[in-house]
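Shown below: structure31.txt, with compact mmCIF, N, CA and C atoms.
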```
# COMPACT_ATOMS: atom_id res chain seq x y z
N MET A 68 14.13 19.83 -0.59
CA MET A 68 13.53 18.49 -0.69
C MET A 68 14.07 17.65 0.45
N ASN A 69 13.22 16.84 0.96
CA ASN A 69 13.52 15.98 2.10
C ASN A 69 14.32 14.75 1.63
N ASP A 70 15.56 14.67 2.08
CA ASP A 70 16.42 13.53 1.69
C ASP A 70 15.87 12.21 2.23
N GLU A 71 15.18 12.25 3.36
CA GLU A 71 14.58 11.03 3.91
C GLU A 71 13.51 10.48 2.97
N LEU A 72 12.75 11.36 2.36
CA LEU A 72 11.73 10.95 1.41
C LEU A 72 12.38 10.27 0.20
N ILE A 73 13.45 10.85 -0.28
CA ILE A 73 14.17 10.27 -1.42
C ILE A 73 14.76 8.93 -1.04
N ASP A 74 15.34 8.83 0.15
CA ASP A 74 15.89 7.54 0.60
C ASP A 74 14.80 6.48 0.68
N GLN A 75 13.63 6.85 1.21
CA GLN A 75 12.53 5.89 1.32
C GLN A 75 12.02 5.51 -0.06
N LEU A 76 11.94 6.47 -0.97
CA LEU A 76 11.55 6.19 -2.34
C LEU A 76 12.48 5.16 -2.95
N ARG A 77 13.76 5.34 -2.77
CA ARG A 77 14.74 4.40 -3.33
C ARG A 77 14.60 3.02 -2.70
N THR A 78 14.41 2.98 -1.40
CA THR A 78 14.23 1.70 -0.70
C THR A 78 12.98 0.99 -1.20
N ASP A 79 11.89 1.72 -1.28
CA ASP A 79 10.64 1.12 -1.77
C ASP A 79 10.78 0.65 -3.20
N PHE A 80 11.43 1.46 -4.04
CA PHE A 80 11.58 1.08 -5.44
C PHE A 80 12.40 -0.19 -5.58
N ARG A 81 13.47 -0.33 -4.80
CA ARG A 81 14.29 -1.56 -4.88
C ARG A 81 13.44 -2.78 -4.55
N LEU A 82 12.60 -2.68 -3.53
CA LEU A 82 11.72 -3.78 -3.17
C LEU A 82 10.73 -4.08 -4.29
N VAL A 83 10.08 -3.05 -4.79
CA VAL A 83 9.08 -3.21 -5.85
C VAL A 83 9.73 -3.78 -7.11
N ARG A 84 10.88 -3.25 -7.46
CA ARG A 84 11.59 -3.72 -8.66
C ARG A 84 11.91 -5.21 -8.55
N ARG A 85 12.53 -5.58 -7.43
CA ARG A 85 12.91 -6.99 -7.24
C ARG A 85 11.68 -7.89 -7.30
N TRP A 86 10.63 -7.50 -6.60
CA TRP A 86 9.40 -8.30 -6.53
C TRP A 86 8.82 -8.51 -7.93
N HIS A 87 8.66 -7.43 -8.66
CA HIS A 87 8.01 -7.53 -9.98
C HIS A 87 8.87 -8.29 -10.99
N ILE A 88 10.16 -8.16 -10.89
CA ILE A 88 11.04 -8.91 -11.78
C ILE A 88 10.99 -10.39 -11.42
N GLU A 89 11.06 -10.72 -10.13
CA GLU A 89 10.99 -12.12 -9.70
C GLU A 89 9.67 -12.77 -10.10
N GLN A 90 8.59 -12.00 -10.08
CA GLN A 90 7.27 -12.53 -10.44
C GLN A 90 7.06 -12.58 -11.95
N GLY A 91 8.01 -12.07 -12.71
CA GLY A 91 7.90 -12.07 -14.15
C GLY A 91 6.98 -10.99 -14.69
N GLU A 92 6.62 -10.03 -13.85
CA GLU A 92 5.72 -8.97 -14.26
C GLU A 92 6.45 -7.82 -14.95
N TRP A 93 7.72 -7.66 -14.64
CA TRP A 93 8.54 -6.63 -15.26
C TRP A 93 9.77 -7.30 -15.85
N THR A 94 10.25 -6.72 -16.92
CA THR A 94 11.56 -7.08 -17.44
C THR A 94 12.56 -6.06 -16.89
N GLU A 95 13.83 -6.32 -17.10
CA GLU A 95 14.84 -5.33 -16.70
C GLU A 95 14.61 -4.02 -17.44
N ALA A 96 14.19 -4.11 -18.69
CA ALA A 96 13.91 -2.89 -19.47
C ALA A 96 12.75 -2.10 -18.86
N ASP A 97 11.72 -2.80 -18.42
CA ASP A 97 10.60 -2.12 -17.75
C ASP A 97 11.10 -1.39 -16.51
N ALA A 98 11.86 -2.10 -15.71
CA ALA A 98 12.39 -1.51 -14.47
C ALA A 98 13.26 -0.30 -14.78
N GLN A 99 14.05 -0.40 -15.83
CA GLN A 99 14.95 0.69 -16.18
C GLN A 99 14.18 1.95 -16.56
N GLU A 100 13.03 1.78 -17.17
CA GLU A 100 12.20 2.95 -17.49
C GLU A 100 11.78 3.69 -16.22
N PHE A 101 11.41 2.93 -15.19
CA PHE A 101 11.07 3.54 -13.91
C PHE A 101 12.29 4.22 -13.30
N VAL A 102 13.43 3.53 -13.36
CA VAL A 102 14.66 4.09 -12.81
C VAL A 102 14.94 5.45 -13.43
N GLU A 103 14.86 5.52 -14.74
CA GLU A 103 15.17 6.78 -15.43
C GLU A 103 14.19 7.88 -15.06
N ALA A 104 12.91 7.56 -14.96
CA ALA A 104 11.92 8.57 -14.60
C ALA A 104 12.14 9.08 -13.18
N ILE A 105 12.44 8.16 -12.27
CA ILE A 105 12.69 8.56 -10.88
C ILE A 105 13.97 9.36 -10.78
N ARG A 106 15.01 8.92 -11.47
CA ARG A 106 16.28 9.68 -11.47
C ARG A 106 16.07 11.09 -11.99
N GLN A 107 15.30 11.22 -13.05
CA GLN A 107 15.06 12.55 -13.61
C GLN A 107 14.34 13.44 -12.60
N ALA A 108 13.34 12.89 -11.94
CA ALA A 108 12.61 13.67 -10.93
C ALA A 108 13.54 14.12 -9.82
N ILE A 109 14.42 13.23 -9.38
CA ILE A 109 15.36 13.57 -8.31
C ILE A 109 16.39 14.57 -8.80
N ALA A 110 16.92 14.36 -9.98
CA ALA A 110 17.96 15.25 -10.52
C ALA A 110 17.44 16.68 -10.70
N THR A 111 16.20 16.81 -11.11
CA THR A 111 15.63 18.15 -11.32
C THR A 111 15.02 18.71 -10.04
N ARG A 112 15.02 17.90 -8.99
CA ARG A 112 14.46 18.29 -7.68
C ARG A 112 13.00 18.72 -7.82
N ASN A 113 12.29 18.03 -8.72
CA ASN A 113 10.88 18.31 -8.96
C ASN A 113 10.08 17.69 -7.81
N VAL A 114 9.70 18.52 -6.88
CA VAL A 114 9.05 18.06 -5.65
C VAL A 114 7.75 17.30 -5.95
N GLU A 115 6.96 17.82 -6.85
CA GLU A 115 5.69 17.16 -7.18
C GLU A 115 5.93 15.75 -7.73
N HIS A 116 6.90 15.62 -8.62
CA HIS A 116 7.18 14.30 -9.20
C HIS A 116 7.81 13.36 -8.17
N ILE A 117 8.71 13.87 -7.37
CA ILE A 117 9.34 13.03 -6.34
C ILE A 117 8.29 12.53 -5.36
N GLU A 118 7.44 13.43 -4.89
CA GLU A 118 6.38 13.01 -3.96
C GLU A 118 5.42 12.03 -4.61
N GLY A 119 5.12 12.25 -5.88
CA GLY A 119 4.24 11.31 -6.59
C GLY A 119 4.86 9.93 -6.70
N TRP A 120 6.15 9.88 -7.08
CA TRP A 120 6.83 8.59 -7.15
C TRP A 120 6.93 7.94 -5.77
N ALA A 121 7.19 8.75 -4.76
CA ALA A 121 7.32 8.21 -3.40
C ALA A 121 6.00 7.58 -2.95
N ARG A 122 4.88 8.27 -3.20
CA ARG A 122 3.57 7.72 -2.82
C ARG A 122 3.27 6.44 -3.60
N THR A 123 3.57 6.47 -4.89
CA THR A 123 3.30 5.31 -5.73
C THR A 123 4.11 4.10 -5.27
N MET A 124 5.40 4.29 -5.05
CA MET A 124 6.24 3.17 -4.63
C MET A 124 5.88 2.70 -3.24
N ALA A 125 5.50 3.62 -2.36
CA ALA A 125 5.07 3.21 -1.01
C ALA A 125 3.80 2.37 -1.10
N ASP A 126 2.88 2.77 -1.97
CA ASP A 126 1.64 2.00 -2.15
C ASP A 126 1.93 0.60 -2.70
N TYR A 127 2.84 0.52 -3.66
CA TYR A 127 3.22 -0.79 -4.22
C TYR A 127 3.95 -1.64 -3.19
N ALA A 128 4.82 -1.02 -2.40
CA ALA A 128 5.66 -1.76 -1.46
C ALA A 128 4.89 -2.25 -0.24
N LYS A 129 3.85 -1.55 0.16
CA LYS A 129 3.13 -1.89 1.40
C LYS A 129 2.63 -3.34 1.42
N PRO A 130 1.89 -3.82 0.42
CA PRO A 130 1.42 -5.21 0.50
C PRO A 130 2.58 -6.21 0.41
N MET A 131 3.65 -5.84 -0.25
CA MET A 131 4.81 -6.73 -0.32
C MET A 131 5.44 -6.88 1.06
N ARG A 132 5.56 -5.77 1.78
CA ARG A 132 6.11 -5.82 3.14
C ARG A 132 5.18 -6.61 4.07
N GLU A 133 3.88 -6.39 3.92
CA GLU A 133 2.92 -7.11 4.77
C GLU A 133 2.97 -8.60 4.51
N LEU A 134 3.03 -9.00 3.26
CA LEU A 134 3.11 -10.42 2.93
C LEU A 134 4.40 -11.02 3.47
N THR A 135 5.49 -10.32 3.29
CA THR A 135 6.77 -10.79 3.80
C THR A 135 6.72 -10.95 5.32
N ALA A 136 6.11 -10.01 6.00
CA ALA A 136 6.00 -10.09 7.47
C ALA A 136 5.15 -11.29 7.89
N ARG A 137 4.04 -11.53 7.17
CA ARG A 137 3.20 -12.69 7.50
C ARG A 137 3.94 -14.00 7.27
N ILE A 138 4.69 -14.07 6.19
CA ILE A 138 5.46 -15.28 5.90
C ILE A 138 6.51 -15.50 6.97
N ARG A 139 7.21 -14.44 7.35
CA ARG A 139 8.24 -14.57 8.39
C ARG A 139 7.63 -14.98 9.73
N ALA A 140 6.47 -14.44 10.05
CA ALA A 140 5.80 -14.81 11.30
C ALA A 140 5.38 -16.27 11.27
N PHE A 141 4.86 -16.73 10.15
CA PHE A 141 4.47 -18.14 10.02
C PHE A 141 5.69 -19.04 10.12
N GLU A 142 6.78 -18.66 9.45
CA GLU A 142 8.01 -19.45 9.54
C GLU A 142 8.51 -19.52 10.98
N GLN A 143 8.39 -18.41 11.72
CA GLN A 143 8.81 -18.39 13.12
C GLN A 143 7.94 -19.34 13.94
N ARG A 144 6.62 -19.33 13.68
CA ARG A 144 5.73 -20.25 14.41
C ARG A 144 6.11 -21.70 14.11
N ILE A 145 6.46 -21.97 12.87
CA ILE A 145 6.88 -23.34 12.52
C ILE A 145 8.14 -23.70 13.28
N ARG A 146 9.11 -22.79 13.30
CA ARG A 146 10.36 -23.06 14.04
C ARG A 146 10.08 -23.31 15.51
N GLU A 147 9.08 -22.65 16.03
CA GLU A 147 8.72 -22.82 17.44
C GLU A 147 7.81 -24.02 17.66
N GLY A 148 7.48 -24.73 16.60
CA GLY A 148 6.64 -25.91 16.72
C GLY A 148 5.16 -25.62 16.75
N LYS A 149 4.78 -24.41 16.41
CA LYS A 149 3.37 -24.04 16.45
C LYS A 149 2.69 -24.16 15.10
N GLY A 150 3.43 -24.28 14.05
CA GLY A 150 2.86 -24.34 12.71
C GLY A 150 1.95 -25.53 12.51
N LYS A 151 2.30 -26.68 13.08
CA LYS A 151 1.49 -27.89 12.93
C LYS A 151 0.10 -27.68 13.54
N ASP A 152 0.07 -27.08 14.71
CA ASP A 152 -1.22 -26.81 15.36
C ASP A 152 -2.07 -25.86 14.54
N ASP A 153 -1.45 -24.83 13.99
CA ASP A 153 -2.18 -23.88 13.14
C ASP A 153 -2.78 -24.58 11.95
N ALA A 154 -2.02 -25.44 11.30
CA ALA A 154 -2.51 -26.15 10.10
C ALA A 154 -3.66 -27.09 10.49
N ASN A 155 -3.54 -27.79 11.61
CA ASN A 155 -4.59 -28.71 12.02
C ASN A 155 -5.88 -27.96 12.36
N ASP A 156 -5.75 -26.79 13.00
CA ASP A 156 -6.94 -26.01 13.34
C ASP A 156 -7.68 -25.56 12.10
N LYS A 157 -6.99 -25.21 11.06
CA LYS A 157 -7.62 -24.72 9.85
C LYS A 157 -8.26 -25.84 9.04
N HIS A 158 -7.80 -27.06 9.20
CA HIS A 158 -8.31 -28.18 8.44
C HIS A 158 -9.27 -29.04 9.26
N GLY A 159 -9.57 -28.62 10.45
CA GLY A 159 -10.52 -29.34 11.27
C GLY A 159 -10.02 -30.65 11.84
N SER A 160 -8.71 -30.80 11.94
CA SER A 160 -8.14 -32.05 12.47
C SER A 160 -8.02 -31.98 13.97
```
Please, can you express the file's structure as structure tokens?
Amino acid sequence: MNDELIDQLRTDFRLVRRWHIEQGEWTEADAQEFVEAIRQAIATRNVEHIEGWARTMADYAKPMRELTARIRAFEQRIREGKGKDDANDKHGS
């Protein structure tokens, strides 16, 4: 089994877990159920389950990363003084 895949799965899961808990979509108990299922897949080295969890978490994490990147880019434009112009262009000012 590819340790890089497992590392990425763990990274993606941490992001997904934090996001869903912060949004009130998951409780700690909900998250723990995922933790246990992923741990079991890794412990048994079940390639099919590990790859399935990795794809699932990557799919969940992708829009979160994209949103975070857009927010960071917008914040950077604001710091550079460009945010005001962007807002005025969108509102027709």
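Counting from CA of Val83 (chain A), the distance to CA of Asp97 (chain A) is 12.0 Å.
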DSSP-assigned helix (DSSP H, G or I) members of chain A, reported as a PyMOL selection string: chain A and resi 70-89+95-110+114-146+150-158
I'd like the contact shell of region 118-123 of chain A - 6.5 Å cut-off, all atoms listed in the file, skipping same-chain residues fewer than 4 positions apart - returned as a CSV table (one decimal) with N, CA and C atoms, in the frame of the given file.
```
chain,number,residue,atom,x,y,z
A,75,GLN,N,13.6,6.8,1.2
A,75,GLN,CA,12.5,5.9,1.3
A,75,GLN,C,12.0,5.5,-0.1
A,76,LEU,N,11.9,6.5,-1.0
A,76,LEU,CA,11.6,6.2,-2.3
A,76,LEU,C,12.5,5.2,-3.0
A,113,ASN,N,12.3,18.0,-8.7
A,113,ASN,CA,10.9,18.3,-9.0
A,113,ASN,C,10.1,17.7,-7.8
A,114,VAL,N,9.7,18.5,-6.9
A,114,VAL,CA,9.0,18.1,-5.6
A,114,VAL,C,7.8,17.3,-6.0
A,127,TYR,N,2.8,0.5,-3.7
A,127,TYR,CA,3.2,-0.8,-4.2
A,127,TYR,C,4.0,-1.6,-3.2
A,128,ALA,N,4.8,-1.0,-2.4
A,128,ALA,CA,5.7,-1.8,-1.5
A,128,ALA,C,4.9,-2.2,-0.2
```
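CA of Phe80 (chain A) sits 7.3 Å away from atom N of Ala125 (chain A).
As for CA of Thr94 (chain A) and atom N of Glu142 (chain A), they are spaced 29.7 Å apart.
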Residues within 12 Å of (13.8, 5.2, -12.7), counting only C-alpha atoms, listed as a PDB file with N, CA and C atoms, keeping the file's coordinate frame:
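Output file part.pdb follows:
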```pdb
ATOM      1  N   LEU A  76      11.940   6.470  -0.970  1.00  0.00           N
ATOM      2  CA  LEU A  76      11.550   6.190  -2.340  1.00  0.00           C
ATOM      3  C   LEU A  76      12.480   5.160  -2.950  1.00  0.00           C
ATOM      4  N   ARG A  77      13.760   5.340  -2.770  1.00  0.00           N
ATOM      5  CA  ARG A  77      14.740   4.400  -3.330  1.00  0.00           C
ATOM      6  C   ARG A  77      14.600   3.020  -2.700  1.00  0.00           C
ATOM      7  N   PHE A  80      11.430   1.460  -4.040  1.00  0.00           N
ATOM      8  CA  PHE A  80      11.580   1.080  -5.440  1.00  0.00           C
ATOM      9  C   PHE A  80      12.400  -0.190  -5.580  1.00  0.00           C
ATOM     10  N   ARG A  81      13.470  -0.330  -4.800  1.00  0.00           N
ATOM     11  CA  ARG A  81      14.290  -1.560  -4.880  1.00  0.00           C
ATOM     12  C   ARG A  81      13.440  -2.780  -4.550  1.00  0.00           C
ATOM     13  N   VAL A  83      10.080  -3.050  -4.790  1.00  0.00           N
ATOM     14  CA  VAL A  83       9.080  -3.210  -5.850  1.00  0.00           C
ATOM     15  C   VAL A  83       9.730  -3.780  -7.110  1.00  0.00           C
ATOM     16  N   ARG A  84      10.880  -3.250  -7.460  1.00  0.00           N
ATOM     17  CA  ARG A  84      11.590  -3.720  -8.660  1.00  0.00           C
ATOM     18  C   ARG A  84      11.910  -5.210  -8.550  1.00  0.00           C
ATOM     19  N   GLU A  95      13.830  -6.320 -17.100  1.00  0.00           N
ATOM     20  CA  GLU A  95      14.840  -5.330 -16.700  1.00  0.00           C
ATOM     21  C   GLU A  95      14.610  -4.020 -17.440  1.00  0.00           C
ATOM     22  N   ALA A  96      14.190  -4.110 -18.690  1.00  0.00           N
ATOM     23  CA  ALA A  96      13.910  -2.890 -19.470  1.00  0.00           C
ATOM     24  C   ALA A  96      12.750  -2.100 -18.860  1.00  0.00           C
ATOM     25  N   ASP A  97      11.720  -2.800 -18.420  1.00  0.00           N
ATOM     26  CA  ASP A  97      10.600  -2.120 -17.750  1.00  0.00           C
ATOM     27  C   ASP A  97      11.100  -1.390 -16.510  1.00  0.00           C
ATOM     28  N   ALA A  98      11.860  -2.100 -15.710  1.00  0.00           N
ATOM     29  CA  ALA A  98      12.390  -1.510 -14.470  1.00  0.00           C
ATOM     30  C   ALA A  98      13.260  -0.300 -14.780  1.00  0.00           C
ATOM     31  N   GLN A  99      14.050  -0.400 -15.830  1.00  0.00           N
ATOM     32  CA  GLN A  99      14.950   0.690 -16.180  1.00  0.00           C
ATOM     33  C   GLN A  99      14.180   1.950 -16.560  1.00  0.00           C
ATOM     34  N   GLU A 100      13.030   1.780 -17.170  1.00  0.00           N
ATOM     35  CA  GLU A 100      12.200   2.950 -17.490  1.00  0.00           C
ATOM     36  C   GLU A 100      11.780   3.690 -16.220  1.00  0.00           C
ATOM     37  N   PHE A 101      11.410   2.930 -15.190  1.00  0.00           N
ATOM     38  CA  PHE A 101      11.070   3.540 -13.910  1.00  0.00           C
ATOM     39  C   PHE A 101      12.290   4.220 -13.300  1.00  0.00           C
ATOM     40  N   VAL A 102      13.430   3.530 -13.360  1.00  0.00           N
ATOM     41  CA  VAL A 102      14.660   4.090 -12.810  1.00  0.00           C
ATOM     42  C   VAL A 102      14.940   5.450 -13.430  1.00  0.00           C
ATOM     43  N   GLU A 103      14.860   5.520 -14.740  1.00  0.00           N
ATOM     44  CA  GLU A 103      15.170   6.780 -15.430  1.00  0.00           C
ATOM     45  C   GLU A 103      14.190   7.880 -15.060  1.00  0.00           C
ATOM     46  N   ALA A 104      12.910   7.560 -14.960  1.00  0.00           N
ATOM     47  CA  ALA A 104      11.920   8.570 -14.600  1.00  0.00           C
ATOM     48  C   ALA A 104      12.140   9.080 -13.180  1.00  0.00           C
ATOM     49  N   ILE A 105      12.440   8.160 -12.270  1.00  0.00           N
ATOM     50  CA  ILE A 105      12.690   8.560 -10.880  1.00  0.00           C
ATOM     51  C   ILE A 105      13.970   9.360 -10.780  1.00  0.00           C
ATOM     52  N   ARG A 106      15.010   8.920 -11.470  1.00  0.00           N
ATOM     53  CA  ARG A 106      16.280   9.680 -11.470  1.00  0.00           C
ATOM     54  C   ARG A 106      16.070  11.090 -11.990  1.00  0.00           C
ATOM     55  N   GLN A 107      15.300  11.220 -13.050  1.00  0.00           N
ATOM     56  CA  GLN A 107      15.060  12.550 -13.610  1.00  0.00           C
ATOM     57  C   GLN A 107      14.340  13.440 -12.600  1.00  0.00           C
ATOM     58  N   ALA A 108      13.340  12.890 -11.940  1.00  0.00           N
ATOM     59  CA  ALA A 108      12.610  13.670 -10.930  1.00  0.00           C
ATOM     60  C   ALA A 108      13.540  14.120  -9.820  1.00  0.00           C
ATOM     61  N   ILE A 109      14.420  13.230  -9.380  1.00  0.00           N
ATOM     62  CA  ILE A 109      15.360  13.570  -8.310  1.00  0.00           C
ATOM     63  C   ILE A 109      16.390  14.570  -8.800  1.00  0.00           C
ATOM     64  N   ALA A 110      16.920  14.360  -9.980  1.00  0.00           N
ATOM     65  CA  ALA A 110      17.960  15.250 -10.520  1.00  0.00           C
ATOM     66  C   ALA A 110      17.440  16.680 -10.700  1.00  0.00           C
ATOM     67  N   HIS A 116       6.900  15.620  -8.620  1.00  0.00           N
ATOM     68  CA  HIS A 116       7.180  14.300  -9.200  1.00  0.00           C
ATOM     69  C   HIS A 116       7.810  13.360  -8.170  1.00  0.00           C
ATOM     70  N   ILE A 117       8.710  13.870  -7.370  1.00  0.00           N
ATOM     71  CA  ILE A 117       9.340  13.030  -6.340  1.00  0.00           C
ATOM     72  C   ILE A 117       8.290  12.530  -5.360  1.00  0.00           C
ATOM     73  N   TRP A 120       6.150   9.880  -7.080  1.00  0.00           N
ATOM     74  CA  TRP A 120       6.830   8.590  -7.150  1.00  0.00           C
ATOM     75  C   TRP A 120       6.930   7.940  -5.770  1.00  0.00           C
ATOM     76  N   ALA A 121       7.190   8.750  -4.760  1.00  0.00           N
ATOM     77  CA  ALA A 121       7.320   8.210  -3.400  1.00  0.00           C
ATOM     78  C   ALA A 121       6.000   7.580  -2.950  1.00  0.00           C
ATOM     79  N   MET A 124       5.400   4.290  -5.050  1.00  0.00           N
ATOM     80  CA  MET A 124       6.240   3.170  -4.630  1.00  0.00           C
ATOM     81  C   MET A 124       5.880   2.700  -3.240  1.00  0.00           C
TER      82      MET A 124
END
```
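Proximity ranking of A:Asp79, A:Ile73, A:Arg139, A:Gln90 relative to Asp126 (chain A) places A:Asp79 first, based on only C-alpha atoms.
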For Thr135 (chain A), the nearest of the candidates A:Thr111, A:Lys149, A:Glu89, A:Leu82, counting only C-alpha atoms: A:Leu82
With N, CA, C and O atoms as the target, complete region 122-139 of chain A and hand it back as an mmCIF file, in the frame of the given file.
```cif
data_model
loop_
_atom_site.group_PDB
_atom_site.id
_atom_site.type_symbol
_atom_site.label_atom_id
_atom_site.label_comp_id
_atom_site.auth_asym_id
_atom_site.auth_seq_id
_atom_site.Cartn_x
_atom_site.Cartn_y
_atom_site.Cartn_z
ATOM 1 N N ARG A 122 4.880 8.270 -3.200
ATOM 2 C CA ARG A 122 3.570 7.720 -2.820
ATOM 3 C C ARG A 122 3.270 6.440 -3.600
ATOM 4 O O ARG A 122 2.788 5.450 -3.047
ATOM 5 N N THR A 123 3.570 6.470 -4.890
ATOM 6 C CA THR A 123 3.300 5.310 -5.730
ATOM 7 C C THR A 123 4.110 4.100 -5.270
ATOM 8 O O THR A 123 3.565 2.997 -5.119
ATOM 9 N N MET A 124 5.400 4.290 -5.050
ATOM 10 C CA MET A 124 6.240 3.170 -4.630
ATOM 11 C C MET A 124 5.880 2.700 -3.240
ATOM 12 O O MET A 124 5.905 1.498 -2.953
ATOM 13 N N ALA A 125 5.500 3.620 -2.360
ATOM 14 C CA ALA A 125 5.070 3.210 -1.010
ATOM 15 C C ALA A 125 3.800 2.370 -1.100
ATOM 16 O O ALA A 125 3.672 1.355 -0.390
ATOM 17 N N ASP A 126 2.880 2.770 -1.970
ATOM 18 C CA ASP A 126 1.640 2.000 -2.150
ATOM 19 C C ASP A 126 1.930 0.600 -2.700
ATOM 20 O O ASP A 126 1.328 -0.380 -2.257
ATOM 21 N N TYR A 127 2.840 0.520 -3.660
ATOM 22 C CA TYR A 127 3.220 -0.790 -4.220
ATOM 23 C C TYR A 127 3.950 -1.640 -3.190
ATOM 24 O O TYR A 127 3.761 -2.853 -3.123
ATOM 25 N N ALA A 128 4.820 -1.020 -2.400
ATOM 26 C CA ALA A 128 5.660 -1.760 -1.460
ATOM 27 C C ALA A 128 4.890 -2.250 -0.240
ATOM 28 O O ALA A 128 5.239 -3.293 0.333
ATOM 29 N N LYS A 129 3.850 -1.550 0.160
ATOM 30 C CA LYS A 129 3.130 -1.890 1.400
ATOM 31 C C LYS A 129 2.630 -3.340 1.420
ATOM 32 O O LYS A 129 2.921 -4.074 2.374
ATOM 33 N N PRO A 130 1.890 -3.820 0.420
ATOM 34 C CA PRO A 130 1.420 -5.210 0.500
ATOM 35 C C PRO A 130 2.580 -6.210 0.410
ATOM 36 O O PRO A 130 2.486 -7.303 0.982
ATOM 37 N N MET A 131 3.650 -5.840 -0.250
ATOM 38 C CA MET A 131 4.810 -6.730 -0.320
ATOM 39 C C MET A 131 5.440 -6.880 1.060
ATOM 40 O O MET A 131 5.815 -7.982 1.459
ATOM 41 N N ARG A 132 5.560 -5.770 1.780
ATOM 42 C CA ARG A 132 6.110 -5.820 3.140
ATOM 43 C C ARG A 132 5.180 -6.610 4.070
ATOM 44 O O ARG A 132 5.642 -7.380 4.906
ATOM 45 N N GLU A 133 3.880 -6.390 3.920
ATOM 46 C CA GLU A 133 2.920 -7.110 4.770
ATOM 47 C C GLU A 133 2.970 -8.600 4.510
ATOM 48 O O GLU A 133 2.952 -9.400 5.462
ATOM 49 N N LEU A 134 3.030 -9.000 3.260
ATOM 50 C CA LEU A 134 3.110 -10.420 2.930
ATOM 51 C C LEU A 134 4.400 -11.020 3.470
ATOM 52 O O LEU A 134 4.385 -12.095 4.075
ATOM 53 N N THR A 135 5.490 -10.320 3.290
ATOM 54 C CA THR A 135 6.770 -10.790 3.800
ATOM 55 C C THR A 135 6.720 -10.950 5.320
ATOM 56 O O THR A 135 7.211 -11.952 5.851
ATOM 57 N N ALA A 136 6.110 -10.010 6.000
ATOM 58 C CA ALA A 136 6.000 -10.090 7.470
ATOM 59 C C ALA A 136 5.150 -11.290 7.890
ATOM 60 O O ALA A 136 5.496 -11.994 8.840
ATOM 61 N N ARG A 137 4.040 -11.530 7.170
ATOM 62 C CA ARG A 137 3.200 -12.690 7.500
ATOM 63 C C ARG A 137 3.940 -14.000 7.270
ATOM 64 O O ARG A 137 3.843 -14.931 8.076
ATOM 65 N N ILE A 138 4.690 -14.070 6.190
ATOM 66 C CA ILE A 138 5.460 -15.280 5.900
ATOM 67 C C ILE A 138 6.510 -15.500 6.970
ATOM 68 O O ILE A 138 6.662 -16.617 7.482
ATOM 69 N N ARG A 139 7.210 -14.440 7.350
ATOM 70 C CA ARG A 139 8.240 -14.570 8.390
ATOM 71 C C ARG A 139 7.630 -14.980 9.730
ATOM 72 O O ARG A 139 8.197 -15.795 10.452
#
```
